[in-house]
Amino acid sequence: MDNQRPVFKDPNDLSGQVAVISGSTSGIGLALARAVAARGCDVVLNGLGDPSEIERTRAELEASCGVRVRYHAANMLKGDEVADMVAYAKHQLGRLDILVNNAGIQHVEAVEKFPSDQWEKIIAINLSSTFYATRAAIPIMKAQGRGRIVNIASVHGLVASPFKSAYVAAKHGVVGFTKTVALELAQDNITCNAICPGFVETPLVAAQVADLARTRGTSKEKVLSEVILESQPTKRFVTTDELTGAFLYLVSDLGASTTGISMPIDGGWTAR
Ligand code: NAD
């Protein structure tokens, strides 16, 4: 009977779609790439790393998921390369449905000692690349009549911590940018949202633990228990599966009215 038909397509079916995910050679970006590829979505991977390892990941994803997986080596420090990555998806795979601005770096240092080059890099990779990729993606998504932009911000897009001035500034910028883009595209069936994770166990966090131990003059074990677990009430890392659940909702048709939000997935961090 007609009225018993589901209103929405299976939200887990992304077949025929194309996603571009910056910083997807590692950590959260790679987990999101695996999630969309497993649901039938073609993917453009991006990120730094050993070329043979990247090729292994690309080929493994393509073979195990039966989708087309490409790699584009755009350096997120360079706006023209970021735009080229987006254009590459359209040229190579024919369309662009999902843009994930995920690449990010961190540097932990007191603000009065914060190195200028680290400040510039963090703003360029964590914030400006989001602008360059989004600007390039919008005309393609508008022409298709649908699009999903997901920015991987951070709990540090919503609240601050000491010694992370550039990262906190960049991630607050991503949250503001997300809202503006959402408003501009609200009538184009293109949503733009941010996910704000608390601590997730990835190479980026491992480096932070080492940096924090250095700036605080303490051991890595103490940083884990006294800094990381201190801020996250669940007292454990957020998992990439938990991020993937929210991400799949945002990119599905069920997420069509969800735009401009910055969703904390932070084990209760921002509830304090
Ligand atoms: P990660 O270090 O595992 O991955 C970062 C990715 O970005 C890698 O693929 C890396 O190659 C890529 N990258 C870095 N510089 C680049 C450049 N110049 N050009 C192209 N690619 C570049 O880190 P992650 O933890 O998976 O972080 C992913 C995103 O999630 C980041 O934006 C980070 O700020 C955010 N985040 C992470 C956590 C966490 O606890 N891990 C928490 C909140 C937010």
# chains A, B, ... in the order shown; residues from 1 in each chain; ligands from 1
>>> select_by_dssp(residues="stretch 93-236 of chain A", states="helix (DSSP H, G or I)", output="short mmCIF file (atom, residue, chain, number, x, y, z; two decimals) with N, CA and C atoms, in the first residue's frame")
data_model
loop_
_atom_site.label_atom_id
_atom_site.label_comp_id
_atom_site.auth_asym_id
_atom_site.auth_seq_id
_atom_site.Cartn_x
_atom_site.Cartn_y
_atom_site.Cartn_z
N LEU A 93 35.25 11.05 -11.16
CA LEU A 93 34.18 10.17 -10.68
C LEU A 93 32.79 10.67 -11.09
N VAL A 111 50.72 30.76 24.55
CA VAL A 111 50.51 31.73 23.46
C VAL A 111 51.70 32.67 23.30
N GLU A 112 52.35 33.05 24.40
CA GLU A 112 53.45 34.01 24.25
C GLU A 112 54.69 33.40 23.60
N LYS A 113 54.71 32.05 23.53
CA LYS A 113 55.84 31.39 22.87
C LYS A 113 55.41 30.73 21.56
N SER A 116 55.19 31.52 15.03
CA SER A 116 54.37 32.11 13.97
C SER A 116 54.06 31.10 12.86
N ASP A 117 55.08 30.29 12.49
CA ASP A 117 54.84 29.37 11.37
C ASP A 117 53.80 28.32 11.74
N GLN A 118 53.76 27.90 13.02
CA GLN A 118 52.75 26.93 13.46
C GLN A 118 51.36 27.57 13.44
N TRP A 119 51.30 28.83 13.88
CA TRP A 119 50.02 29.55 13.84
C TRP A 119 49.47 29.58 12.41
N GLU A 120 50.35 30.00 11.47
CA GLU A 120 49.91 30.14 10.07
C GLU A 120 49.47 28.79 9.50
N LYS A 121 50.22 27.73 9.81
CA LYS A 121 49.89 26.41 9.26
C LYS A 121 48.56 25.90 9.80
N ILE A 122 48.36 26.09 11.10
CA ILE A 122 47.12 25.59 11.71
C ILE A 122 45.91 26.32 11.14
N ILE A 123 46.03 27.64 10.98
CA ILE A 123 44.90 28.40 10.41
C ILE A 123 44.66 27.96 8.96
N ALA A 124 45.76 27.75 8.21
CA ALA A 124 45.61 27.37 6.79
C ALA A 124 44.98 25.98 6.65
N ILE A 125 45.52 25.00 7.38
CA ILE A 125 45.05 23.61 7.19
C ILE A 125 43.69 23.41 7.86
N ASN A 126 43.53 23.89 9.09
CA ASN A 126 42.31 23.58 9.85
C ASN A 126 41.13 24.48 9.48
N LEU A 127 41.42 25.70 8.99
CA LEU A 127 40.31 26.62 8.69
C LEU A 127 40.24 26.98 7.20
N SER A 128 41.33 27.54 6.65
CA SER A 128 41.24 28.08 5.28
C SER A 128 40.97 26.99 4.25
N SER A 129 41.51 25.78 4.46
CA SER A 129 41.26 24.71 3.47
C SER A 129 39.77 24.38 3.41
N THR A 130 39.08 24.55 4.54
CA THR A 130 37.63 24.30 4.57
C THR A 130 36.92 25.30 3.65
N PHE A 131 37.36 26.54 3.69
CA PHE A 131 36.81 27.56 2.79
C PHE A 131 37.09 27.21 1.34
N TYR A 132 38.35 26.90 1.01
CA TYR A 132 38.70 26.67 -0.40
C TYR A 132 37.95 25.45 -0.97
N ALA A 133 37.83 24.38 -0.17
CA ALA A 133 37.14 23.19 -0.67
C ALA A 133 35.64 23.46 -0.81
N THR A 134 35.07 24.15 0.16
CA THR A 134 33.63 24.42 0.13
C THR A 134 33.30 25.32 -1.06
N ARG A 135 34.10 26.36 -1.25
CA ARG A 135 33.84 27.28 -2.37
C ARG A 135 33.87 26.53 -3.70
N ALA A 136 34.81 25.58 -3.83
CA ALA A 136 34.89 24.84 -5.09
C ALA A 136 33.75 23.83 -5.24
N ALA A 137 33.25 23.32 -4.12
CA ALA A 137 32.22 22.27 -4.19
C ALA A 137 30.82 22.82 -4.47
N ILE A 138 30.56 24.03 -4.02
CA ILE A 138 29.19 24.55 -4.09
C ILE A 138 28.61 24.57 -5.52
N PRO A 139 29.33 25.08 -6.51
CA PRO A 139 28.72 25.10 -7.86
C PRO A 139 28.38 23.69 -8.36
N ILE A 140 29.21 22.70 -8.02
CA ILE A 140 28.95 21.32 -8.46
C ILE A 140 27.69 20.80 -7.76
N MET A 141 27.61 21.03 -6.46
CA MET A 141 26.45 20.54 -5.69
C MET A 141 25.17 21.26 -6.13
N LYS A 142 25.28 22.56 -6.38
CA LYS A 142 24.09 23.31 -6.84
C LYS A 142 23.59 22.75 -8.16
N ALA A 143 24.52 22.45 -9.07
CA ALA A 143 24.12 21.92 -10.38
C ALA A 143 23.45 20.56 -10.23
N GLN A 144 23.85 19.79 -9.20
CA GLN A 144 23.25 18.47 -8.96
C GLN A 144 21.94 18.57 -8.17
N VAL A 155 35.56 19.73 19.79
CA VAL A 155 35.04 20.34 21.00
C VAL A 155 35.71 21.71 21.20
N HIS A 156 36.91 21.84 20.64
CA HIS A 156 37.61 23.13 20.71
C HIS A 156 37.10 24.15 19.70
N GLY A 157 36.04 23.81 18.99
CA GLY A 157 35.27 24.81 18.24
C GLY A 157 34.20 25.44 19.11
N SER A 165 45.99 27.85 21.35
CA SER A 165 45.36 29.08 20.84
C SER A 165 45.04 28.99 19.35
N ALA A 166 45.98 28.52 18.53
CA ALA A 166 45.73 28.49 17.09
C ALA A 166 44.63 27.49 16.75
N TYR A 167 44.69 26.33 17.38
CA TYR A 167 43.71 25.26 17.10
C TYR A 167 42.31 25.71 17.52
N VAL A 168 42.22 26.31 18.71
CA VAL A 168 40.92 26.77 19.21
C VAL A 168 40.38 27.89 18.31
N ALA A 169 41.25 28.80 17.89
CA ALA A 169 40.82 29.89 17.00
C ALA A 169 40.34 29.32 15.67
N ALA A 170 41.10 28.38 15.12
CA ALA A 170 40.73 27.79 13.82
C ALA A 170 39.41 27.04 13.93
N LYS A 171 39.25 26.24 14.97
CA LYS A 171 38.04 25.41 15.09
C LYS A 171 36.81 26.26 15.40
N HIS A 172 36.95 27.33 16.20
CA HIS A 172 35.83 28.27 16.36
C HIS A 172 35.50 28.90 15.01
N GLY A 173 36.53 29.16 14.21
CA GLY A 173 36.31 29.69 12.86
C GLY A 173 35.52 28.72 12.00
N VAL A 174 35.84 27.44 12.10
CA VAL A 174 35.12 26.42 11.32
C VAL A 174 33.64 26.40 11.72
N VAL A 175 33.38 26.51 13.01
CA VAL A 175 31.98 26.51 13.48
C VAL A 175 31.23 27.72 12.91
N GLY A 176 31.85 28.88 12.92
CA GLY A 176 31.22 30.08 12.37
C GLY A 176 31.02 29.97 10.87
N PHE A 177 32.04 29.45 10.19
CA PHE A 177 31.96 29.28 8.73
C PHE A 177 30.82 28.31 8.38
N THR A 178 30.70 27.24 9.16
CA THR A 178 29.65 26.24 8.94
C THR A 178 28.26 26.89 8.97
N LYS A 179 28.04 27.75 9.96
CA LYS A 179 26.73 28.40 10.09
C LYS A 179 26.45 29.30 8.88
N THR A 180 27.46 30.06 8.46
CA THR A 180 27.28 30.99 7.33
C THR A 180 26.95 30.23 6.06
N VAL A 181 27.71 29.16 5.79
CA VAL A 181 27.47 28.38 4.57
C VAL A 181 26.08 27.76 4.62
N ALA A 182 25.68 27.27 5.79
CA ALA A 182 24.35 26.66 5.92
C ALA A 182 23.27 27.67 5.55
N LEU A 183 23.40 28.89 6.03
CA LEU A 183 22.40 29.92 5.73
C LEU A 183 22.38 30.25 4.24
N GLU A 184 23.56 30.35 3.65
CA GLU A 184 23.62 30.72 2.24
C GLU A 184 23.02 29.65 1.34
N PRO A 203 46.52 9.22 15.62
CA PRO A 203 47.91 9.71 15.66
C PRO A 203 48.00 11.16 16.12
N LEU A 204 46.98 12.00 15.76
CA LEU A 204 47.02 13.41 16.15
C LEU A 204 47.02 13.56 17.68
N VAL A 205 46.25 12.71 18.34
CA VAL A 205 46.16 12.78 19.80
C VAL A 205 47.44 12.23 20.45
N ALA A 206 47.98 11.18 19.85
CA ALA A 206 49.23 10.63 20.39
C ALA A 206 50.31 11.71 20.41
N ALA A 207 50.35 12.52 19.33
CA ALA A 207 51.36 13.60 19.27
C ALA A 207 51.06 14.65 20.33
N GLN A 208 49.77 14.94 20.56
CA GLN A 208 49.40 15.94 21.56
C GLN A 208 49.78 15.51 22.96
N VAL A 209 49.60 14.21 23.23
CA VAL A 209 49.95 13.71 24.56
C VAL A 209 51.44 13.95 24.81
N ALA A 210 52.24 13.68 23.78
CA ALA A 210 53.69 13.90 23.92
C ALA A 210 53.99 15.38 24.11
N ASP A 211 53.32 16.26 23.33
CA ASP A 211 53.54 17.71 23.44
C ASP A 211 53.13 18.24 24.81
N LEU A 212 51.96 17.76 25.27
CA LEU A 212 51.46 18.23 26.57
C LEU A 212 52.39 17.81 27.70
N ALA A 213 52.90 16.58 27.58
CA ALA A 213 53.83 16.10 28.60
C ALA A 213 55.05 17.02 28.64
N ARG A 214 55.49 17.46 27.45
CA ARG A 214 56.66 18.34 27.38
C ARG A 214 56.32 19.72 27.97
N THR A 215 55.20 20.35 27.54
CA THR A 215 54.90 21.71 28.01
C THR A 215 54.59 21.72 29.51
N ARG A 216 54.04 20.63 30.02
CA ARG A 216 53.69 20.60 31.43
C ARG A 216 54.78 19.96 32.30
N LYS A 220 53.70 11.09 30.03
CA LYS A 220 52.57 10.86 29.11
C LYS A 220 51.39 10.22 29.85
N GLU A 221 51.70 9.32 30.80
CA GLU A 221 50.64 8.64 31.56
C GLU A 221 49.82 9.65 32.36
N LYS A 222 50.54 10.62 32.97
CA LYS A 222 49.84 11.65 33.77
C LYS A 222 48.98 12.54 32.89
N VAL A 223 49.49 12.87 31.69
CA VAL A 223 48.71 13.70 30.76
C VAL A 223 47.42 12.97 30.40
N LEU A 224 47.54 11.66 30.11
CA LEU A 224 46.34 10.89 29.75
C LEU A 224 45.32 10.92 30.87
N SER A 225 45.75 10.65 32.08
CA SER A 225 44.78 10.54 33.18
C SER A 225 44.34 11.90 33.70
N GLU A 226 45.26 12.88 33.75
CA GLU A 226 44.92 14.15 34.42
C GLU A 226 44.43 15.22 33.46
N VAL A 227 44.83 15.16 32.20
CA VAL A 227 44.39 16.20 31.25
C VAL A 227 43.25 15.65 30.40
N ILE A 228 43.50 14.55 29.70
CA ILE A 228 42.50 14.07 28.74
C ILE A 228 41.28 13.51 29.47
N LEU A 229 41.50 12.60 30.38
CA LEU A 229 40.34 12.03 31.09
C LEU A 229 39.69 13.05 32.02
N GLU A 230 40.43 14.06 32.39
CA GLU A 230 39.87 15.11 33.25
C GLU A 230 38.76 15.86 32.52
N SER A 231 38.99 16.17 31.23
CA SER A 231 37.99 16.98 30.51
C SER A 231 36.84 16.17 29.94
#
>>> residues_near_ligand(ligand="ligand 1", cutoff="8 Å", atoms="only C-alpha atoms and all ligand atoms", output="ChimeraX atom specification")
/A:22-30,46-49,73-77,101-106,121,125-126,152-156,167,171,196-205,237-238
>>> atom_distance(atom1="atom CA of A:Val18", atom2="atom CA of A:Arg68")
9.0 Å
>>> residues_around(residues="stretch 9-12 of chain A", least_positions_apart="4", cutoff="8 Å", atoms="only C-alpha atoms", output="MDAnalysis selection string")
chainID A and resid 39 248:249 252:254
>>> write_last_selection(atoms="N, CA and C atoms", output="JSON list (two decimals), in the first residue's frame")
[["chain", "number", "residue", "atom", "x", "y", "z"],
["A", 39, "ARG", "N", 29.32, 1.63, 2.16],
["A", 39, "ARG", "CA", 27.91, 1.86, 1.82],
["A", 39, "ARG", "C", 27.73, 2.22, 0.35],
["A", 248, "LEU", "N", 26.87, 9.63, 9.30],
["A", 248, "LEU", "CA", 25.97, 8.98, 8.33],
["A", 248, "LEU", "C", 24.58, 9.59, 8.38],
["A", 249, "TYR", "N", 24.16, 10.01, 9.56],
["A", 249, "TYR", "CA", 22.87, 10.71, 9.67],
["A", 249, "TYR", "C", 22.94, 12.04, 8.89],
["A", 252, "SER", "N", 22.74, 11.66, 5.15],
["A", 252, "SER", "CA", 21.57, 10.96, 4.60],
["A", 252, "SER", "C", 20.45, 11.94, 4.27],
["A", 253, "ASP", "N", 19.40, 11.42, 3.63],
["A", 253, "ASP", "CA", 18.21, 12.25, 3.38],
["A", 253, "ASP", "C", 17.52, 12.63, 4.69],
["A", 254, "LEU", "N", 17.67, 11.79, 5.72],
["A", 254, "LEU", "CA", 17.06, 12.11, 7.02],
["A", 254, "LEU", "C", 17.65, 13.39, 7.61]]
>>> closest_residue(among="A:Glu109, A:Asp266, A:Asp42, A:Glu53", to="A:Ala89", atoms="only C-alpha atoms")
A:Asp42
>>> atom_distance(atom1="atom CA of A:Asp241", atom2="atom CA of A:Arg148")
19.5 Å
>>> atom_distance(atom1="atom CA of A:Ala110", atom2="atom CA of A:Arg272")
24.1 Å
>>> select_by_dssp(residues="stretch 56-180 of chain A", states="strand (DSSP E)", output="VMD selection string")
chain A and resid 69 to 72 98 to 101 147 to 152
